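Asker: This is entry03.txt, which holds compact mmCIF, C-alpha atoms:
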# COMPACT_ATOMS: atom_id res chain seq x y z
CA MET A 1 39.17 -6.25 -14.46
CA ILE A 2 35.95 -6.20 -16.51
CA ARG A 3 32.82 -4.22 -15.63
CA ILE A 4 29.42 -5.44 -16.76
CA THR A 5 27.46 -2.52 -15.30
CA ARG A 6 27.54 1.19 -16.06
CA ASN A 7 26.21 4.20 -14.17
CA ASP A 8 24.80 5.98 -17.22
CA SER A 9 22.31 3.20 -18.00
CA PRO A 10 18.56 3.85 -17.51
CA TYR A 11 18.54 0.57 -15.57
CA THR A 12 19.78 0.14 -12.02
CA LEU A 13 23.01 -1.76 -11.53
CA LEU A 14 20.95 -4.52 -9.95
CA GLN A 15 18.75 -4.79 -13.04
CA GLN A 16 21.82 -4.73 -15.31
CA ARG A 17 23.21 -7.76 -13.47
CA LEU A 18 19.89 -9.55 -13.89
CA GLN A 19 19.97 -8.73 -17.60
CA TYR A 20 23.48 -10.15 -17.84
CA ILE A 21 22.19 -13.39 -16.31
CA ALA A 22 19.30 -13.52 -18.79
CA GLN A 23 21.77 -13.11 -21.67
CA HIS A 24 23.82 -16.12 -20.55
CA PRO A 25 21.42 -19.09 -20.25
CA GLU A 26 24.35 -21.48 -20.71
CA ARG A 27 25.72 -20.59 -17.26
CA SER A 28 24.52 -21.59 -13.82
CA PHE A 29 24.08 -18.62 -11.45
CA THR A 30 23.56 -18.28 -7.71
CA TYR A 31 20.97 -15.60 -6.93
CA PHE A 32 21.84 -13.89 -3.66
CA LEU A 33 20.37 -10.48 -4.26
CA GLU A 34 16.62 -10.47 -3.47
CA ASN A 35 15.11 -9.81 -0.04
CA VAL A 36 11.76 -11.51 -0.71
CA PRO A 37 11.44 -14.54 1.62
CA GLN A 38 11.23 -17.88 -0.15
CA TRP A 39 8.88 -20.59 1.08
CA GLU A 40 10.37 -23.98 1.91
CA ALA A 41 7.15 -25.78 0.96
CA THR A 42 5.71 -26.07 -2.55
CA LEU A 43 2.78 -23.70 -3.07
CA HIS A 44 -0.39 -25.43 -4.20
CA PRO A 45 -2.46 -23.91 -7.00
CA VAL A 46 -5.63 -22.08 -5.99
CA GLN A 47 -8.91 -22.93 -7.69
CA LEU A 48 -10.18 -19.71 -9.24
CA GLU A 49 -13.65 -18.62 -10.18
CA ASP A 50 -14.26 -17.13 -13.62
CA THR A 51 -15.81 -14.11 -11.91
CA TYR A 52 -12.39 -12.64 -11.11
CA ILE A 53 -11.45 -12.76 -14.80
CA ARG A 54 -14.73 -11.47 -16.23
CA GLU A 55 -15.25 -8.41 -14.04
CA TYR A 56 -13.40 -5.35 -12.79
CA ALA A 57 -12.72 -5.49 -9.09
CA PRO A 58 -13.94 -2.55 -6.96
CA CYS A 59 -11.46 0.32 -7.25
CA ASN A 60 -10.63 0.12 -3.54
CA GLY A 61 -10.32 -3.70 -3.56
CA TYR A 62 -12.55 -6.72 -2.90
CA ASP A 63 -14.17 -6.79 0.52
CA PHE A 64 -13.04 -10.37 1.20
CA LEU A 65 -9.35 -9.41 0.93
CA ILE A 66 -9.79 -6.19 2.87
CA GLU A 67 -11.60 -8.10 5.65
CA ALA A 68 -8.73 -10.61 5.84
CA LEU A 69 -6.12 -7.83 6.01
CA LYS A 70 -8.20 -5.95 8.55
CA GLU A 71 -8.24 -8.97 10.85
CA ARG A 72 -4.53 -9.58 10.25
CA ASP A 73 -3.61 -6.01 11.24
CA ARG A 74 -6.15 -5.85 14.05
CA ALA A 75 -4.60 -8.94 15.63
CA LYS A 76 -1.08 -7.56 15.20
CA TYR A 77 -1.63 -3.97 16.34
CA LYS A 78 -4.81 -4.13 18.47
CA VAL A 79 -6.36 -1.29 16.49
CA ASP A 80 -10.07 -1.17 15.60
CA PHE A 81 -9.64 -1.07 11.82
CA ARG A 82 -12.64 -0.84 9.53
CA THR A 83 -13.07 -1.90 5.92
CA ASN A 84 -13.08 1.70 4.67
CA HIS A 85 -9.64 2.27 6.19
CA PHE A 86 -7.98 0.09 3.50
CA LEU A 87 -7.05 0.46 -0.16
CA ILE A 88 -5.67 -2.48 -2.18
CA THR A 89 -2.87 -1.46 -4.55
CA ASN A 90 -0.68 -3.01 -7.24
CA GLY A 91 2.13 -3.73 -4.78
CA ALA A 92 3.75 -1.42 -2.24
CA MET A 93 5.62 0.68 -4.82
CA HIS A 94 2.28 1.52 -6.45
CA ALA A 95 0.94 2.41 -3.00
CA LEU A 96 3.84 4.77 -2.33
CA SER A 97 3.56 6.32 -5.78
CA LEU A 98 -0.15 6.98 -5.23
CA LEU A 99 0.56 8.54 -1.85
CA PHE A 100 3.43 10.73 -3.01
CA ARG A 101 1.44 12.06 -5.95
CA SER A 102 -1.69 12.67 -3.91
CA LEU A 103 0.28 14.68 -1.33
CA TYR A 104 2.30 16.71 -3.84
CA ARG A 105 2.12 20.49 -3.98
CA PRO A 106 4.33 22.71 -6.18
CA GLY A 107 7.72 23.13 -4.53
CA ALA A 108 7.06 20.33 -2.04
CA VAL A 109 9.81 18.85 0.13
CA ALA A 110 9.86 15.22 1.33
CA LEU A 111 11.70 14.44 4.58
CA VAL A 112 13.00 10.90 4.05
CA GLN A 113 14.61 8.44 6.46
CA ALA A 114 17.89 7.30 4.93
CA PRO A 115 19.32 5.17 3.57
CA VAL A 116 16.36 4.47 1.33
CA LEU A 117 15.65 2.28 -1.68
CA GLY A 118 16.80 4.16 -4.76
CA SER A 119 13.52 3.62 -6.63
CA ILE A 120 11.64 5.53 -3.91
CA VAL A 121 13.89 8.52 -4.48
CA ASP A 122 13.33 8.14 -8.23
CA ILE A 123 9.55 8.25 -7.73
CA LEU A 124 9.81 11.33 -5.51
CA LYS A 125 12.02 13.17 -7.97
CA ALA A 126 9.74 12.25 -10.89
CA SER A 127 6.80 13.64 -8.90
CA GLY A 128 8.61 16.94 -8.40
CA TYR A 129 9.76 16.68 -4.78
CA LYS A 130 12.93 18.07 -3.29
CA ILE A 131 14.33 15.41 -0.92
CA VAL A 132 15.89 15.99 2.50
CA PHE A 133 17.40 13.00 4.33
CA PHE A 134 17.48 12.27 8.06
CA TYR A 135 18.82 9.27 9.96
CA SER A 136 17.99 7.08 12.95
CA ASP A 137 20.36 4.77 14.81
CA GLN A 138 20.57 0.97 14.93
CA GLN A 139 18.25 0.85 17.95
CA GLY A 140 15.48 2.72 16.13
CA GLU A 141 16.08 5.91 18.08
CA MET A 142 16.39 9.37 16.59
CA ASP A 143 16.75 12.94 17.73
CA ILE A 144 13.37 14.44 16.87
CA GLU A 145 14.93 17.87 17.25
CA GLN A 146 16.73 17.22 13.96
CA LEU A 147 13.34 17.13 12.23
CA TYR A 148 12.38 20.49 13.71
CA LYS A 149 15.67 21.92 12.44
CA LEU A 150 15.10 20.45 8.98
CA TYR A 151 11.47 21.58 8.76
CA THR A 152 10.52 24.24 6.22
CA PRO A 153 7.03 25.49 5.21
CA ASP A 154 7.33 23.57 1.92
CA MET A 155 7.67 20.22 3.70
CA GLN A 156 4.80 17.91 2.74
CA PHE A 157 5.44 14.64 4.55
CA VAL A 158 7.87 12.48 6.52
CA TYR A 159 8.70 9.02 5.16
CA VAL A 160 9.96 6.26 7.47
CA ASN A 161 10.62 2.54 6.95
CA THR A 162 10.22 0.08 9.85
CA PRO A 163 11.67 -2.56 10.00
CA HIS A 164 14.21 -0.74 7.91
CA ASN A 165 15.57 -1.86 4.54
CA PRO A 166 18.55 -2.32 4.59
CA MET A 167 19.61 -1.41 8.16
CA GLY A 168 17.18 -3.73 9.96
CA GLU A 169 16.29 -1.22 12.68
CA ILE A 170 12.79 -0.90 14.15
CA ILE A 171 11.52 2.55 15.12
CA SER A 172 10.84 2.53 18.85
CA GLN A 173 7.40 3.19 20.25
CA HIS A 174 8.21 6.56 21.79
CA VAL A 175 9.97 7.78 18.63
CA MET A 176 6.94 6.78 16.53
CA ALA A 177 4.72 8.73 18.93
CA GLN A 178 7.04 11.74 18.58
CA LEU A 179 6.85 11.48 14.79
CA VAL A 180 3.07 11.54 14.91
CA ARG A 181 3.10 14.59 17.19
CA PHE A 182 5.60 16.31 14.90
CA VAL A 183 3.50 15.92 11.73
CA GLN A 184 0.30 16.91 13.52
CA GLU A 185 1.95 19.99 14.95
CA LYS A 186 3.35 21.00 11.55
CA GLY A 187 0.23 20.11 9.56
CA ILE A 188 2.03 17.63 7.30
CA SER A 189 1.72 13.85 6.82
CA LEU A 190 3.57 10.75 8.02
CA VAL A 191 4.04 7.81 5.63
CA ALA A 192 5.17 4.65 7.44
CA ASP A 193 6.45 1.91 5.12
CA MET A 194 5.98 -1.35 7.09
CA LEU A 195 6.63 -3.97 4.41
CA TYR A 196 8.62 -6.25 6.72
CA ASP A 197 6.49 -6.08 9.85
CA SER A 198 6.20 -9.88 10.11
CA PHE A 199 9.97 -10.24 10.48
CA THR A 200 11.30 -9.16 13.86
CA PHE A 201 14.00 -10.73 16.04
CA ASP A 202 15.03 -11.07 19.69
CA GLY A 203 11.62 -10.14 21.07
CA LYS A 204 11.41 -6.82 19.18
CA VAL A 205 8.06 -5.68 17.76
CA THR A 206 6.96 -3.09 15.24
CA HIS A 207 4.93 -0.04 16.25
CA SER A 208 2.27 1.38 13.95
CA PRO A 209 1.73 5.17 13.96
CA LEU A 210 -2.00 4.43 13.78
CA LEU A 211 -1.72 3.33 17.40
CA MET A 212 -0.45 6.73 18.46
CA THR A 213 -3.46 8.85 17.54
CA SER A 214 -7.21 8.62 16.92
CA ASP A 215 -6.93 11.14 14.07
CA TRP A 216 -5.53 9.36 11.00
CA SER A 217 -6.01 12.22 8.56
CA GLN A 218 -2.25 12.88 8.52
CA VAL A 219 -1.04 9.30 8.96
CA TYR A 220 -0.62 6.52 6.38
CA THR A 221 0.84 3.03 6.58
CA VAL A 222 1.89 0.93 3.58
CA ASN A 223 2.27 -2.84 3.51
CA SER A 224 2.77 -5.64 1.01
CA MET A 225 2.12 -9.29 0.26
CA SER A 226 5.50 -9.48 -1.49
CA LYS A 227 7.63 -9.40 1.64
CA ASN A 228 5.28 -10.55 4.42
CA TYR A 229 3.89 -13.49 2.46
CA GLY A 230 6.71 -14.24 0.03
CA SER A 231 4.52 -13.56 -3.02
CA PRO A 232 5.97 -10.72 -5.12
CA GLY A 233 4.34 -12.04 -8.30
CA LEU A 234 0.87 -11.21 -6.98
CA ARG A 235 1.69 -7.48 -6.92
CA ILE A 236 -0.64 -6.82 -4.01
CA GLY A 237 -0.07 -4.08 -1.44
CA TRP A 238 -2.30 -2.02 0.80
CA ILE A 239 -2.59 1.45 2.33
CA THR A 240 -4.24 2.12 5.68
CA SER A 241 -5.43 5.59 6.68
CA SER A 242 -8.54 7.64 7.44
CA THR A 243 -11.75 7.08 5.49
CA GLY A 244 -11.38 10.42 3.70
CA ASN A 245 -7.81 9.69 2.63
CA ILE A 246 -8.72 6.22 1.38
CA GLU A 247 -11.63 7.59 -0.67
CA LYS A 248 -9.33 10.13 -2.33
CA LEU A 249 -6.66 7.54 -3.06
CA SER A 250 -9.24 5.05 -4.37
CA GLY A 251 -10.41 7.63 -6.88
CA LEU A 252 -6.84 8.20 -8.04
CA CYS A 253 -6.30 4.45 -8.29
CA GLU A 254 -9.44 4.05 -10.42
CA ALA A 255 -8.40 6.89 -12.71
CA GLU A 256 -5.02 5.42 -13.53
CA CYS A 257 -5.61 1.64 -13.59
CA VAL A 258 -9.39 1.07 -12.96
CA SER A 259 -8.75 -1.69 -10.39
CA ILE A 260 -6.28 -4.27 -9.16
CA SER A 261 -6.30 -7.80 -10.60
CA GLY A 262 -9.12 -9.83 -9.07
CA ILE A 263 -7.18 -13.07 -9.54
CA SER A 264 -4.25 -11.65 -7.57
CA GLN A 265 -6.59 -10.38 -4.86
CA PHE A 266 -8.20 -13.80 -4.49
CA ARG A 267 -4.83 -15.52 -4.23
CA ALA A 268 -3.64 -12.92 -1.71
CA TYR A 269 -6.77 -13.61 0.35
CA LYS A 270 -5.87 -17.32 0.43
CA PHE A 271 -2.33 -16.46 1.55
CA VAL A 272 -3.58 -14.29 4.40
CA GLN A 273 -6.00 -17.02 5.47
CA GLN A 274 -3.18 -19.56 5.44
CA GLY A 275 -0.85 -17.33 7.44
CA ASN A 276 2.91 -16.94 7.18
CA ARG A 277 4.25 -18.56 10.35
CA GLU A 278 6.34 -21.13 8.45
CA LEU A 279 7.87 -18.36 6.32
CA VAL A 280 8.71 -16.23 9.36
CA GLU A 281 10.36 -19.15 11.15
CA ALA A 282 12.35 -20.02 8.03
CA VAL A 283 13.74 -16.47 7.86
CA ARG A 284 14.66 -16.54 11.55
CA SER A 285 16.52 -19.83 11.19
CA ARG A 286 18.36 -18.56 8.11
CA LYS A 287 19.36 -15.46 10.07
CA GLU A 288 21.10 -17.63 12.66
CA LEU A 289 22.94 -19.53 9.93
CA ILE A 290 24.12 -16.35 8.20
CA GLU A 291 25.16 -14.72 11.45
CA ASN A 292 27.33 -17.72 12.28
CA GLN A 293 28.88 -17.72 8.81
CA LEU A 294 29.53 -13.97 8.79
CA GLY A 295 31.15 -14.24 12.21
CA GLN A 296 33.83 -16.45 10.68
CA MET A 297 34.65 -13.87 7.99
CA LYS A 298 36.64 -11.51 10.21
CA GLN A 299 37.26 -8.87 7.55
CA LEU A 300 33.55 -7.96 7.34
CA GLU A 301 31.67 -5.32 9.36
CA TYR A 302 27.93 -5.45 10.12
CA ASN A 303 25.26 -4.87 12.76
CA ARG A 304 22.69 -7.43 13.87
CA PRO A 305 19.30 -6.42 12.45
CA SER A 306 16.28 -6.10 14.75
CA GLY A 307 13.95 -6.90 11.87
CA GLY A 308 13.61 -7.20 8.12
CA THR A 309 15.10 -9.78 5.79
CA GLN A 310 18.74 -8.78 5.35
CA PHE A 311 22.10 -7.95 6.89
CA LEU A 312 23.90 -4.88 5.55
CA VAL A 313 27.57 -5.89 5.41
CA LYS A 314 30.58 -3.66 4.76
CA PHE A 315 33.23 -5.28 2.57
CA PRO A 316 36.95 -4.38 2.58
CA VAL A 317 37.04 -3.23 -1.06
CA GLU A 318 37.20 0.25 -2.51
CA ASP A 319 34.82 -0.26 -5.46
CA ILE A 320 31.93 -2.46 -4.33
CA ASP A 321 30.26 -2.56 -7.75
CA LEU A 322 33.43 -3.66 -9.47
CA PHE A 323 33.65 -6.41 -6.84
CA ALA A 324 30.00 -7.38 -7.48
CA ASP A 325 30.63 -7.53 -11.23
CA PHE A 326 33.70 -9.68 -10.55
CA MET A 327 31.64 -12.07 -8.39
CA LEU A 328 29.03 -12.41 -11.13
CA LEU A 329 31.55 -12.95 -13.92
CA GLU A 330 33.92 -15.29 -12.06
CA TYR A 331 31.66 -17.14 -9.64
CA GLY A 332 28.16 -16.60 -11.02
CA VAL A 333 26.95 -14.96 -7.79
CA ALA A 334 24.43 -12.11 -8.21
CA LEU A 335 24.62 -9.48 -5.45
CA THR A 336 22.94 -6.25 -4.36
CA THR A 337 25.24 -3.37 -3.41
CA THR A 338 25.24 0.16 -2.02
CA SER A 339 24.10 1.37 -5.45
CA ASN A 340 20.60 0.06 -4.73
CA TYR A 341 20.10 2.77 -2.10
CA ALA A 342 20.17 6.55 -1.75
CA GLY A 343 21.70 8.22 1.28
CA LEU A 344 24.17 5.38 1.82
CA ASP A 345 27.93 5.65 1.31
CA GLY A 346 30.52 2.90 1.55
CA SER A 347 31.20 -0.58 0.19
CA TYR A 348 28.14 -2.51 1.30
CA ILE A 349 26.45 -5.69 0.13
CA ARG A 350 22.96 -6.69 1.21
CA ILE A 351 23.13 -10.24 2.53
CA PRO A 352 19.59 -11.66 2.29
CA LEU A 353 17.97 -13.94 4.87
CA VAL A 354 15.48 -15.30 2.36
CA TYR A 355 17.15 -18.09 0.39
CA PRO A 356 17.16 -21.83 1.18
CA VAL A 357 20.02 -23.09 3.34
CA GLU A 358 22.02 -24.69 0.51
CA THR A 359 21.85 -21.57 -1.64
CA THR A 360 22.87 -19.41 1.32
CA LYS A 361 25.84 -21.61 2.24
CA ARG A 362 27.05 -21.75 -1.36
CA ALA A 363 26.81 -17.98 -1.83
CA LEU A 364 28.68 -17.22 1.39
CA GLN A 365 31.42 -19.73 0.55
CA LEU A 366 31.89 -18.16 -2.87
CA LEU A 367 31.93 -14.67 -1.34
CA GLU A 368 34.68 -15.74 1.03
CA LYS A 369 36.64 -17.21 -1.88
CA GLY A 370 36.09 -14.08 -3.97
CA LEU A 371 37.43 -11.86 -1.21
CA VAL A 372 40.73 -13.74 -1.41
CA GLU A 373 41.04 -13.70 -5.22
CA TYR A 374 39.64 -10.23 -5.97
CA PRO A 375 42.67 -8.19 -4.76
CA LEU A 376 44.98 -10.48 -6.77
CA ARG A 377 42.93 -9.95 -9.92
CA LEU A 378 42.84 -6.22 -9.22
CA LEU A 379 46.63 -6.22 -8.94
CA CYS A 380 46.83 -7.89 -12.34
CA THR A 381 45.16 -4.90 -13.96
CA GLN A 382 48.11 -2.84 -12.78
CA ASN A 383 50.85 -5.40 -13.43
CA ASP A 384 50.46 -7.96 -16.22
CA ASP A 385 53.39 -10.00 -14.90
CA CYS A 386 51.45 -11.01 -11.81
CA CYS A 387 48.64 -12.67 -13.76
CA ASN A 388 50.39 -16.02 -13.56
CA LEU A 389 49.92 -15.87 -9.78
CA VAL A 390 46.17 -16.31 -10.14
CA GLN A 391 46.03 -18.61 -13.16
Written as structure tokens, that's how I'd like the structure from this file.

Answerer:
Amino acid sequence: MIRITRNDSPYTLLQQRLQYIAQHPERSFTYFLENVPQWEATLHPVQLEDTYIREYAPCNGYDFLIEALKERDRAKYKVDFRTNHFLITNGAMHALSLLFRSLYRPGAVALVQAPVLGSIVDILKASGYKIVFFYSDQQGEMDIEQLYKLYTPDMQFVYVNTPHNPMGEIISQHVMAQLVRFVQEKGISLVADMLYDSFTFDGKVTHSPLLMTSDWSQVYTVNSMSKNYGSPGLRIGWITSSTGNIEKLSGLCEAECVSISGISQFRAYKFVQQGNRELVEAVRSRKELIENQLGQMKQLEYNRPSGGTQFLVKFPVEDIDLFADFMLLEYGVALTTTSNYAGLDGSYIRIPLVYPVETTKRALQLLEKGLVEYPLRLLCTQNDDCCNLVQ
């Protein structure tokens, strides 16, 4: 059995698989690894003005985009947002990096909802944080007492993700209110990562911590065009918080990159004006398809997500990354595994809800086929005589 990924690489296993694909242009591959929703319709080019090329944008973002996002979030959360409550960033990861660095103090501890995207942990460690994990359940409930037990004077903030990647849970309203009370009582901050807040199922809704208090000095939310509007190439995200916090973060943003691309901001503005209803409905319909298909694969374990753009599925294999490498080599299917996350153990694959129907059906069919052949191939590594069984 051949591995194409290695744990001592500076690249993630996911990125190593993408590099393998790039090195083999002669092959046809099925991408089934991203969780960025894909539009069914062709996107039409936007007529741009030279202004956005010839000038630096304001360091906090163009007013026209901020106004559009303000109205979007005001309609969704019924909060009286103002323009100076927003900062435009170079995607959500840039937003989180800005936040983590602005909140850092020597010896700081970050209390992080797990599992969590591995790159977030990498940013925190690079910034100097010690990381402590806590967990919620599939219904978005958690025992707040666990946070009080985990609290130390060095704790700087609590990070939560709702809807959660990859579990799909949505933090309930009363738990979000408890989180806000906890950080205010302890004098720390709450960072709510809400990148998937357009994608909720079965009547569930997301709950912003900004609804739970009139004092936003210790509360931040982060959002993104990548997930909510299926436009990762724009690299546009935004932070919402108090005026004072936004001013501080805008200064940090200006110091490190001057401003965010005006062309990307203008295109993001057009996306927000257009809306994302078609994209949301496409994800919901794909969820139904995948749920039906997974239900026929009896050897798999999973929970139905309340939101987000993926199922997290447990596979009956001991080494999930060896299986993923096998699927890429033998069937040309690129997958995301447990290795993409921190605070997650077990043999999991992220099954995305974002690809067109034909791609989704093909990937699931090949996964089912691979589950049959993989143990036979694995046996062949132990007994050469059996190889003829799978020729």

Asker: I'd like the neighbourhood of A:Leu195 as a list in words, where a residue qualifies if any of its atoms comes within 7 Å (using all atoms listed in the file), though same-chain residues fewer than 6 positions away should be ignored.

Answerer: Val222, Asn223, Ser224, Lys227 and Asn228 of chain A

Asker: Show me, as a list in words, the residues that have an atom within 8 Å of stretch 182-191 of chain A when counting all atoms listed in the file, minus same-chain residues fewer than 4 positions from it.

Answerer: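 Non-adjacent residues within range: Met155, Gln156, Phe157, Val158, Tyr159, Val160, Gln178, Gln218, Val219, Tyr220, Thr221 and Val222 of chain A.
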
Asker: By how many Å are atom CA of A:Thr240 and atom CA of A:Asn165 apart?

Answerer: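 Between these atoms lies a distance of 20.2 Å.
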
Asker: Could you tell me how far atom CA of A:Arg235 sits from atom CA of A:Gly91, in Å to one decimal place?

Answerer: 4.3 Å

Asker: My list of candidates is A:Ser306, A:Ser261, A:Thr360, A:Asn276. Which is closest to A:Arg54 when distances are computed with only C-alpha atoms?

Answerer: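 Under the stated criterion, the closest residue is A:Ser261.
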
Asker: Would you work out the distance separating atom CA of A:Tyr77 from atom CA of A:Ile170, expressed in Å to one decimal?

Answerer: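 Computed distance, atom CA of A:Tyr77 to atom CA of A:Ile170, equals 14.9 Å.
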
Asker: Which residue gives the smallest distance to A:Arg3 among A:Ala334, A:Leu328, A:Leu65, A:Arg277, with all atoms listed in the file counted?

Answerer: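 Among the listed residues, A:Leu328 lies closest to A:Arg3.
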
Asker: Counting all atoms listed in the file, what is within 12 Å of A:Gln273, bar same-chain residues fewer than 5 positions away, as a list of chain:residue names?

Answerer: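 Near A:Gln273, the qualifying residues are A:Phe64, A:Leu65, A:Ile66, A:Glu67, A:Ala68, A:Leu69, A:Lys70, A:Glu71, A:Arg72, A:Tyr229, A:Phe266, A:Arg267, A:Ala268.
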
Asker: Using C-alpha atoms, can you export the residues from the last selection as a PDB file, in the coordinates of the input?

Answerer:
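The new file selection-v1.pdb reads:
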ATOM      1  CA  PHE A  64     -13.040 -10.370   1.200  1.00  0.00           C
ATOM      2  CA  LEU A  65      -9.350  -9.410   0.930  1.00  0.00           C
ATOM      3  CA  ILE A  66      -9.790  -6.190   2.870  1.00  0.00           C
ATOM      4  CA  GLU A  67     -11.600  -8.100   5.650  1.00  0.00           C
ATOM      5  CA  ALA A  68      -8.730 -10.610   5.840  1.00  0.00           C
ATOM      6  CA  LEU A  69      -6.120  -7.830   6.010  1.00  0.00           C
ATOM      7  CA  LYS A  70      -8.200  -5.950   8.550  1.00  0.00           C
ATOM      8  CA  GLU A  71      -8.240  -8.970  10.850  1.00  0.00           C
ATOM      9  CA  ARG A  72      -4.530  -9.580  10.250  1.00  0.00           C
ATOM     10  CA  TYR A 229       3.890 -13.490   2.460  1.00  0.00           C
ATOM     11  CA  PHE A 266      -8.200 -13.800  -4.490  1.00  0.00           C
ATOM     12  CA  ARG A 267      -4.830 -15.520  -4.230  1.00  0.00           C
ATOM     13  CA  ALA A 268      -3.640 -12.920  -1.710  1.00  0.00           C
TER      14      ALA A 268
END

Asker: Smallest atom-to-atom distance to A:Arg105: which of A:Tyr129, A:Tyr355, A:Phe32, A:Tyr196, using all atoms listed in the file?

Answerer: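 Result for the nearest residue to A:Arg105: A:Tyr129.
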
Asker: Just the residues within 10 Å of A:Gly244, please, counting all atoms listed in the file, with nothing from its chain fewer than 2 positions along; format it as JSON, numbers by chain.

Answerer: {"A": [84, 85, 216, 217, 241, 242, 246, 247, 248, 249, 250]}

Asker: Write a file of the just-selected residues containing C-alpha atoms, as a CSV table (one decimal), keeping the file's coordinate frame.

Answerer:
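What follows is the written file again-v6.csv:
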chain,number,residue,atom,x,y,z
A,84,ASN,CA,-13.1,1.7,4.7
A,85,HIS,CA,-9.6,2.3,6.2
A,216,TRP,CA,-5.5,9.4,11.0
A,217,SER,CA,-6.0,12.2,8.6
A,241,SER,CA,-5.4,5.6,6.7
A,242,SER,CA,-8.5,7.6,7.4
A,246,ILE,CA,-8.7,6.2,1.4
A,247,GLU,CA,-11.6,7.6,-0.7
A,248,LYS,CA,-9.3,10.1,-2.3
A,249,LEU,CA,-6.7,7.5,-3.1
A,250,SER,CA,-9.2,5.0,-4.4

Asker: Looking at A:Ser198, A:Thr338, A:Thr5, A:Ser259, which one is nearest to A:Glu278, with distances taken over all atoms listed in the file?

Answerer: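 Ranking A:Ser198, A:Thr338, A:Thr5, A:Ser259 by distance to A:Glu278, first place goes to A:Ser198.
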
Asker: Using only C-alpha atoms, which residue out of A:Thr12, A:Asn7, A:Gln38, A:Ser226 lies closest to A:Leu353?

Answerer: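 Closest to A:Leu353 of all the choices is A:Gln38.
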
Asker: Under the rule that only C-alpha atoms are counted, which of A:Ala57, A:Ile260, A:Ala114, A:Val121 is the nearest residue to A:Ser97?

Answerer: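 Looking at the shortest contact to A:Ser97, the residue is A:Val121.
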
Asker: Might you pull out every residue within 10 Å of A:Thr206, with all atoms listed in the file counted and same-chain residues fewer than 5 positions away left off, and present them as an NGL selection string?

Answerer: :A and (76-77 or 162-163 or 169-173 or 176 or 194 or 196-200 or 306-307)
